[in-house]
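A.B. asks: Starting off with a structure, shown below.
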Amino acid sequence: MQRITRDDVARLAGTSTAVVSYVINNGPRPVATATRARVLAAIAELDYRPNLVARALRSTRSNTIGLVVPDSSEAFFTELVHAVERAAFADDSLVLLGNSGYSPAQEARYARTLAGMQVGGVLLVRSEVDGPRAAHTAATGLGVPVVYLNYRAPRNVDATSVTLANRHGGRLAAEHLLGHAYRRIGCLTGISRSGPVADRARGWADAMRAAGGDTSAVQRTGLDRRAARGQVKAWLRQGDRPEAVFAAADGLALDVLAAAQEVGLRVPEDLAVVGFGATEPAAHSWPPLTTVGRSFDDLGRAAVSTLKAVQAQGSRRPDQELAVSLIPRRSCGCPQDYM
């Protein structure tokens, strides 16, 4: 079936394609009432459907948001993506998603491609905390604003960030475990010394030092989940193993639950566990995982509204750090009534 074009509408209405465009877009020039009626009648007769995507891409300030995340299959990023989509939809905007695969080069390519498609702005969840500024430069070089989500902006980059209160959240987790009278409290964190996970580990250390506790029980893991679980199992088999663990991400905490079961430890009777992220899988683990976090919808709304403000004003806005709270469940030793 032949595709109906704007030229077909113009021929049937007896006018130019420019006038058809003015009718469809409600401007930028006025169209006489009789002419408008002929164009609308031709559109109806031909069942012409404008290519809305092409229109958006031609717009210099489209209602489209680019979102780049490391891996949308991970629970935290899955929920973050959906929250941003809900917030954007409520703001009459759409989201174009890219997965960087934790590759700075791929991150920069997505940023460049999205900017080239003239999105209204890019929300960037960084894949490499200390990596190059290529993604930022790729987008802003084409006049598209960037707001950093979950991570702070790189050093020497004047850009707005929307993050969680990660360091405070790590402190909350450690203080909660200390309140249960645990003293050998370990921390499972990532290999990077900067970024949100590292900030949570610093909060754990802050609380431990304030209580006169030991801050040496730190286990660092990479992105390979199989290798991480093996490391955790070896850690838990040691004679001086921790009696409680703060895992600086819910995914890591779920690895601790699985590793504990494999080495014959009961949670929370033999080992207490607290995570960070407030993801959905944490609520459905066994035992249910005590975690720290904030509603993903709050984070999504803050990200979209901040990006819109930057886009509208053409300048940097104040950074936002959203408060977090502890969600007590069975894994830390809290009673069933907390669920």
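Here, A, B, ... name the chains of the structure tokens in the order displayed, residue numbers run from 1 inside each chain, and ligands are numbered from 1 in the same displayed order.
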Write out as a list in words the residues lying within 12 Å of Gln261 (chain A), counting only C-alpha atoms and excluding same-chain residues fewer than 4 positions away.
C.D. replies: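 Final neighbour list, sorted by chain and number: Arg229, Val232, Lys233, Leu236, Arg237, Leu254, Asp255, Val256, Leu257, Leu265, Arg266, Val267, Pro268, Glu269, Asp270, Leu271, Trp286 and Pro287 of chain A.
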A.B. asks: Check which residues of region 29-146 of chain A sit at most 6 Å from region 293-313 of chain A using only C-alpha atoms, and return one row each with the closest pair of atoms and their distance in Å to one decimal, ordered by chain and rising number, as CSV.
C.D. replies:
residue,atom,partner,partner_atom,distance
A:Leu80,CA,A:Phe296,CA,5.9
A:Ala83,CA,A:Gly300,CA,4.8
A:Val84,CA,A:Gly300,CA,4.2
A:Ala87,CA,A:Arg301,CA,5.1
A.B. asks: Among the residues of region 157-279 of chain A, find those DSSP assigns to alpha helix (DSSP H) from the backbone and print them as a ChimeraX atom specification.
C.D. replies: /A:166-179,196-210,225-237,250-262
A.B. asks: Would you pick out the contacts of Thr215 (chain A) at 10 Å or less, using only C-alpha atoms, so that residues sharing its chain but fewer than 5 positions from it are not included, and give the list as JSON, numbers by chain?
C.D. replies: {"A": [184, 185, 186, 187, 201, 202, 204, 205, 206, 207, 208, 209]}
A.B. asks: Can you pull out the residues contacting region 62-70 of chain A? Cut-off 9 Å, using only C-alpha atoms, and skip same-chain residues under 3 positions away; I want them as a ChimeraX atom specification.
C.D. replies: /A:55-59,74,77,81,84,88,91-103,107,110-111,114-115,118-127,304,307
A.B. asks: Can you tell me how far CA of Arg49 (chain A) sits from CA of Asn25 (chain A), in Å to one decimal?
C.D. replies: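 Computing it gives 12.8 Å between the two atoms.
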A.B. asks: Per DSSP on the backbone, what are the strand (DSSP E) residues of region 144-281 of chain A, as a PyMOL selection string?
C.D. replies: chain A and resi 146-149+160-164+185-190+218-221+244-247+272-274
A.B. asks: Please write the residues from the selection above to a file, keeping N, CA, C and O atoms, as a tab-separated table (two decimals), in the first residue's frame.
C.D. replies:
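out_31.tsv, written as the output of this step:
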chain	number	residue	atom	x	y	z
A	146	VAL	N	22.94	18.46	29.76
A	146	VAL	CA	23.13	17.17	30.43
A	146	VAL	C	22.91	17.35	31.92
A	146	VAL	O	23.43	18.30	32.52
A	147	VAL	N	22.15	16.45	32.52
A	147	VAL	CA	22.02	16.38	33.97
A	147	VAL	C	22.48	14.99	34.40
A	147	VAL	O	22.06	13.98	33.82
A	148	TYR	N	23.35	14.95	35.39
A	148	TYR	CA	23.87	13.67	35.89
A	148	TYR	C	22.92	13.11	36.92
A	148	TYR	O	22.50	13.80	37.85
A	149	LEU	N	22.59	11.84	36.75
A	149	LEU	CA	21.62	11.18	37.61
A	149	LEU	C	22.29	10.04	38.37
A	149	LEU	O	22.98	9.21	37.77
A	160	THR	N	24.80	20.01	36.42
A	160	THR	CA	23.89	19.74	37.53
A	160	THR	C	23.77	18.24	37.78
A	160	THR	O	23.78	17.45	36.84
A	161	SER	N	23.63	17.88	39.04
A	161	SER	CA	23.49	16.47	39.42
A	161	SER	C	22.25	16.27	40.28
A	161	SER	O	21.87	17.15	41.06
A	162	VAL	N	21.64	15.10	40.14
A	162	VAL	CA	20.55	14.66	41.02
A	162	VAL	C	20.97	13.32	41.60
A	162	VAL	O	21.14	12.34	40.87
A	163	THR	N	21.19	13.29	42.91
A	163	THR	CA	21.71	12.08	43.55
A	163	THR	C	20.91	11.77	44.82
A	163	THR	O	20.09	12.56	45.27
A	164	LEU	N	21.19	10.61	45.37
A	164	LEU	CA	20.70	10.25	46.70
A	164	LEU	C	21.73	10.65	47.75
A	164	LEU	O	22.92	10.83	47.43
A	185	ILE	N	31.14	-5.54	62.10
A	185	ILE	CA	30.28	-5.20	60.97
A	185	ILE	C	31.15	-4.95	59.74
A	185	ILE	O	31.94	-4.00	59.71
A	186	GLY	N	31.02	-5.81	58.76
A	186	GLY	CA	31.80	-5.66	57.53
A	186	GLY	C	31.06	-4.83	56.50
A	186	GLY	O	29.87	-4.54	56.63
A	187	CYS	N	31.78	-4.44	55.45
A	187	CYS	CA	31.21	-3.66	54.36
A	187	CYS	C	31.59	-4.29	53.03
A	187	CYS	O	32.77	-4.52	52.76
A	188	LEU	N	30.59	-4.60	52.23
A	188	LEU	CA	30.82	-5.13	50.88
A	188	LEU	C	30.56	-4.00	49.90
A	188	LEU	O	29.46	-3.44	49.86
A	189	THR	N	31.57	-3.64	49.12
A	189	THR	CA	31.46	-2.48	48.24
A	189	THR	C	32.14	-2.79	46.90
A	189	THR	O	32.62	-3.91	46.67
A	190	GLY	N	32.15	-1.80	46.00
A	190	GLY	CA	32.76	-1.98	44.70
A	190	GLY	C	34.24	-1.64	44.71
A	190	GLY	O	34.80	-1.21	45.72
A	218	VAL	N	36.53	-4.72	55.05
A	218	VAL	CA	35.97	-4.26	53.78
A	218	VAL	C	36.29	-5.28	52.70
A	218	VAL	O	37.44	-5.70	52.55
A	219	GLN	N	35.28	-5.70	51.96
A	219	GLN	CA	35.46	-6.61	50.84
A	219	GLN	C	35.03	-5.88	49.57
A	219	GLN	O	33.92	-5.35	49.48
A	220	ARG	N	35.92	-5.82	48.57
A	220	ARG	CA	35.63	-5.11	47.33
A	220	ARG	C	35.43	-6.11	46.19
A	220	ARG	O	36.17	-7.07	46.07
A	221	THR	N	34.40	-5.85	45.37
A	221	THR	CA	34.10	-6.75	44.26
A	221	THR	C	33.94	-5.96	42.97
A	221	THR	O	33.62	-4.77	42.99
A	244	ALA	N	27.84	-9.14	60.95
A	244	ALA	CA	26.85	-8.38	60.19
A	244	ALA	C	27.56	-7.75	58.99
A	244	ALA	O	28.77	-7.46	59.06
A	245	VAL	N	26.82	-7.55	57.90
A	245	VAL	CA	27.40	-6.98	56.68
A	245	VAL	C	26.50	-5.87	56.17
A	245	VAL	O	25.28	-6.06	56.03
A	246	PHE	N	27.09	-4.72	55.89
A	246	PHE	CA	26.42	-3.69	55.11
A	246	PHE	C	26.91	-3.82	53.68
A	246	PHE	O	28.10	-3.63	53.40
A	247	ALA	N	26.02	-4.18	52.77
A	247	ALA	CA	26.34	-4.27	51.35
A	247	ALA	C	25.88	-2.97	50.69
A	247	ALA	O	24.70	-2.60	50.80
A	272	ALA	N	23.77	-10.93	60.03
A	272	ALA	CA	22.80	-9.88	59.69
A	272	ALA	C	23.25	-9.18	58.41
A	272	ALA	O	24.45	-9.02	58.17
A	273	VAL	N	22.28	-8.75	57.60
A	273	VAL	CA	22.61	-8.14	56.31
A	273	VAL	C	21.71	-6.92	56.08
A	273	VAL	O	20.50	-6.98	56.31
A	274	VAL	N	22.32	-5.83	55.63
A	274	VAL	CA	21.60	-4.62	55.22
A	274	VAL	C	22.12	-4.20	53.85
A	274	VAL	O	23.33	-4.22	53.61
A.B. asks: Go through A:Gly230, A:Gly141, A:Ser285, A:Phe276 and flag the residue nearest Glu262 (chain A), using only C-alpha atoms for the distances.
C.D. replies: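 Under the stated criterion, the closest residue is A:Gly230.
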A.B. asks: Under the rule that only C-alpha atoms are counted, which of A:Thr279, A:Ser325, A:Thr291, A:Gln231 is the nearest residue to Ala259 (chain A)?
C.D. replies: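 The answer is A:Gln231, which sits nearest to Ala259 (chain A).
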A.B. asks: Which residue, A:Gly203, A:Glu79, A:Ala139, A:Arg133, has the smallest gap to Asn156 (chain A) when you use only C-alpha atoms?
C.D. replies: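 Of all the options, A:Arg133 lies closest to Asn156 (chain A).
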A.B. asks: What's around Pro335 (chain A) at 12 Å? Count only C-alpha atoms, leave out sequence neighbours fewer than 3 positions away in its own chain, and write the answer as a count of residues only.
C.D. replies: 13
A.B. asks: Using CA of Gln106 (chain A) and CA of Gly314 (chain A) as the two end points, give the distance in Å to one decimal.
C.D. replies: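 Interatomic distance here is 26.4 Å.
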A.B. asks: If I take CA of Thr140 (chain A) and CA of Glu85 (chain A), how far is one from the other in Å, to one decimal?
C.D. replies: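 Taking CA of Thr140 (chain A) and CA of Glu85 (chain A), their separation equals 22.3 Å.
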